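Reviewing the structure listed below.
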Amino acid sequence: MSNDRARTTKQELFNYKTTGCFGRYLVQNKLPIEFISTTMSMDEISQLSFAKDIRTKLDFELLIQRDIDKKRAIESIGKYISPDPESAFNSKENNGIFLPPLIAALVDTQGNKDLSVSYPDCQPDLITDEYGETYKRTWGALFEISLYEDPNGTPYIHDQNGESKEVKINLKHATFSAKLGRDVDSGGRLVVIDGQHRLYALKELMRSDEHKDKIKNLVIPVCIVYSPESTQTNVSDGTPSIPDVLRKLFIDVNTNAMSVSGHFRILLANDDVGQMLCNSLCSLLLNENVTNGGSKLALVEWNTKTDKESKTISKRYTISSIGVIYDALKDLFTTKNGLSILEYLLHIEEIRHEFDFGLTDENEPAPQSKDFPWRDIPYANRDQIKNQIAKYISPCIQAIFFDTPAYFQLAEIFEREKKSLESEATERNSDALYAQIVLDYLNQFDALDNQKAIARYESFVENVDEAYMGSTIPQIIRYNVFQKGLLTAWFSMLELGQRLNLAPMVVTKLFIRILQHSLDLGVFENDLRHQYLQETIYDGIRIRPSKESRKQISRLILAPLGNDKFSKSIAEDAAKLDIGVPEEQLKNSLVKLGDSSATIYLNSLHTQLVKSFSKEYRSRGDLGANEIATLLELEKRKDETKKLKRNDKSIIIDNNFDLKIREHIKQDFELGKEQLDDAIEYTTVCDELMQDNSDDGNEE
């Protein structure tokens, strides 16, 4: 009997056993990941689980992994694996098929499918028999890996009784044994983290009388991965847990996959506070209802299918998008000042004494990273940061998008249309089923894979959109650039709150009132007659998707604070919250913020008017030929003196072209200022000569 034969027939206590090639990814100071590359027959694929088959305390973490596009799986992959006789997939050119390996992560579960944070502690063992040495590691009653001695094999470090020894093993032959649970049983699960659509198609085809005989002899390559050091003792000492490793593996294997959206790469990652915050926000929204049932998460886009859509608000009934929120927060909190505001938001002083950033080369405690606390958070402290995010920041973001009256009205429209679906679902006719499928999609994010249900969903979307367009809600509030602008305005309020030592949630409540007031005043209403909006936030009827527009939107939200009466009312309301800041001091601070916001807004408007006129004067229909000729000559002189100044610093640049441009835009600017003063209900002050550092780079 051969060495291999003897070992593969040996009986074990585990209910699943396979042999294959062994491999290990190990980079210095990184957690090792090991794998067994093997195969499975169609009878064995029942051993593989989907992410939806297990759950964690934060249901959202696995909700984002269960998002299988069943239609694509069946129509594309299914037709490729088992084509219909008349299908193009059944042509001679398409007769050969090959499926890339499924990647399955081994996890441990307790009763009711709950995901364990760790494996049992590992017990190494060395067995010597007539065939040589077997290097075995056993993780409790969960799984076991056996590697075999080979004098001509690959070096391997085996630990035994606290001592490490280098041996040589046969990488081509390893045995993996596991106790895999079913249904509500405790035990392991082989969760597919890459290839869920392939697995779904295979399982569906095996249930089909038409197709199962065609594929019954398929053998599928499978790569089983596990984190050998994520054991109970190690995890309690700071080693990454199984959910953390699973999330990281999912990101790594799907980084370049078209089927995984940018949302998922944000939500499954833990690299920075923005990613943790978006995950925390979604978890919070998942477990809160809008009004009469139904998760608030349905109103925030978190699972769109493409990277481009993930960076915008693409559904016509949603309030915002995780991609929009993340991009705005990343821009705001990765600056030096932003990191300081983030520490204030996180109440970092509550936990600062817990941080350990390691040691320097001189064996001294290392200082925190220059990017902390946005990123470079010690692994041992990540749960603390997540707790601070959930406690202090997520509720603020939720309040902005669900408590601001304009956004609350959007949610109410959504809920009203959902009630129509609920009414349909109770009726005794065939349409009731399709209404219920749509409700399950909106409330529980179940798949929407029935054509009649899809048609009902599209009708629902049309109804919500029609009600929204017919309402008095300002349409600008759903634009990406506006939402990034409002978060920028919130950031400015947080700067004020930090100086005055106000709680971030108090600042957020004040900001919500300021935001709604600016909307109620109609300062963003664009009917082409509002000159103060043109060339800075709008180009005609089109909103300008630029970074400068975002800043201008932020300034315009805050500008009404320059009205002494309005800021006084804000300060009076704040005083009722016992905030510890004198009412007059808060009022004066708010007025100052409003005044400066309006002044910078007007300065930027003036700068943009000058830039636009300078670029467009040659083709403007309101200028005569002589005036255009004059401007051309003045611009030529300016350019000539600029060139001469490069060699002779004493030369003064001819600025008559700039002065002439200012004369041309003066009337438009003064009209814009007058209109702005009327809109925000006080007389603004500006310095036309102040040059703002504008940035016209597109947001998208």
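The chains in the structure tokens are called A, B, ... from first to last as shown; in each chain the residues are counted from 1, and the ligands are counted from 1 in the order shown.
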Non-local contacts of Glu670 (chain A) (12 Å; only C-alpha atoms; under 3 positions in same chain excluded) as a count of residues only | 23
Please give the complete set of residues from region 227-435 of chain A that DSSP, run on the backbone, assigns to strand (DSSP E or B), formatted as a PyMOL selection string.
-> chain A and resi 231+272+289+295+300-301+320-321+359+365+375
Determine, counting only C-alpha atoms, which protein, DNA and RNA residues have an atom within 6 Å of an atom of region 262-274 of chain A; residues of the same chain fewer than 2 positions away are not included. Present the result as a ChimeraX atom specification.
-> /A:247,276-277,279,302-303,307,310,326,374-375
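Of the listed residues A:Arg382, A:Thr426, A:Tyr344, A:Glu349, the one whose atoms come nearest to Leu500 (chain A) is A:Tyr344, with distances taken using only C-alpha atoms.
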Polymer residues at most 10 Å from Leu249 (chain A), only C-alpha atoms, same-chain spacing of 5 or more positions, as a count of residues only = 13
Mind checking which residues fall within 9 Å of Glu681 (chain A), counting only C-alpha atoms, ignoring those fewer than 5 positions away in the same chain, and posting them as a compact mmCIF listing (two decimals) with all heavy atoms, in the first residue's frame?
```
# COMPACT_ATOMS: atom_id res chain seq x y z
N LEU A 521 -35.55 79.88 2.89
CA LEU A 521 -35.37 81.20 2.31
C LEU A 521 -35.33 81.15 0.78
O LEU A 521 -35.47 82.18 0.12
CB LEU A 521 -34.07 81.84 2.83
CG LEU A 521 -34.04 82.29 4.29
CD1 LEU A 521 -32.65 82.78 4.65
CD2 LEU A 521 -35.07 83.39 4.54
N PRO A 560 -26.93 82.95 5.89
CA PRO A 560 -28.03 83.58 6.62
C PRO A 560 -27.75 83.83 8.10
O PRO A 560 -28.46 84.62 8.74
CB PRO A 560 -29.19 82.58 6.45
CG PRO A 560 -28.89 81.90 5.15
CD PRO A 560 -27.39 81.76 5.13
N GLY A 562 -25.51 85.57 9.21
CA GLY A 562 -25.12 86.97 9.36
C GLY A 562 -26.27 87.87 9.75
O GLY A 562 -26.06 89.00 10.21
N ASN A 563 -27.50 87.37 9.62
CA ASN A 563 -28.68 88.10 10.09
C ASN A 563 -28.73 87.98 11.61
O ASN A 563 -28.91 86.89 12.15
CB ASN A 563 -29.93 87.50 9.45
CG ASN A 563 -31.20 88.22 9.89
OD1 ASN A 563 -31.49 88.31 11.07
ND2 ASN A 563 -31.97 88.70 8.92
N LEU A 676 -28.51 88.62 -3.41
CA LEU A 676 -28.10 87.81 -2.27
C LEU A 676 -28.52 88.47 -0.96
O LEU A 676 -29.03 87.80 -0.05
CB LEU A 676 -26.59 87.58 -2.30
CG LEU A 676 -26.03 86.77 -1.11
CD1 LEU A 676 -26.60 85.36 -1.10
CD2 LEU A 676 -24.50 86.72 -1.14
```
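Within the 10 Å cut-off around Leu284 (chain A), using only C-alpha atoms and omitting residues fewer than 3 positions from it on the same chain, the listed residues are Leu58, Phe60, Cys278, Asn279, Ser280, Leu281, Asn287, Glu288, Ser295, Lys296, Leu297, Ala390, Ser394, Pro395 and Gln398 of chain A.
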List the spatial neighbours of Phe50 (chain A) as a short mmCIF file (atom, residue, chain, number, x, y, z; two decimals) with N, CA, C and O atoms, in the first residue's frame - criterion: any atom at most 8 Å away, only C-alpha atoms, same-chain residues fewer than 4 positions off excluded.
```cif
data_model
loop_
_atom_site.label_atom_id
_atom_site.label_comp_id
_atom_site.auth_asym_id
_atom_site.auth_seq_id
_atom_site.Cartn_x
_atom_site.Cartn_y
_atom_site.Cartn_z
N ILE A 54 -24.90 32.46 7.11
CA ILE A 54 -24.41 32.70 8.46
C ILE A 54 -24.72 34.14 8.82
O ILE A 54 -25.10 34.94 7.97
N ARG A 66 -24.37 39.09 0.84
CA ARG A 66 -25.36 38.13 0.35
C ARG A 66 -26.03 38.62 -0.93
O ARG A 66 -26.94 38.00 -1.44
N VAL A 191 -17.64 29.16 3.60
CA VAL A 191 -18.38 30.29 3.02
C VAL A 191 -17.66 30.79 1.77
O VAL A 191 -16.49 31.20 1.83
N VAL A 192 -18.34 30.76 0.64
CA VAL A 192 -17.75 31.18 -0.62
C VAL A 192 -17.63 32.71 -0.63
O VAL A 192 -18.64 33.41 -0.54
N GLN A 196 -19.73 33.33 -5.66
CA GLN A 196 -21.09 33.06 -5.19
C GLN A 196 -22.07 32.88 -6.35
O GLN A 196 -22.98 32.05 -6.28
#
```
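Each of A:Thr404, A:Gln516, A:Gln47, A:Ser369 was checked against Ala104 (chain A) using only C-alpha atoms; the smallest atom-to-atom distance is that of A:Gln47.
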Give the alpha helix (DSSP H) residues of region 369-577 of chain A, as DSSP finds them on the backbone, and put them as an MDAnalysis selection string.
-> chainID A and resid 382:388 394:403 405:425 431:444 451:469 480:500 504:520 547:558 564:575
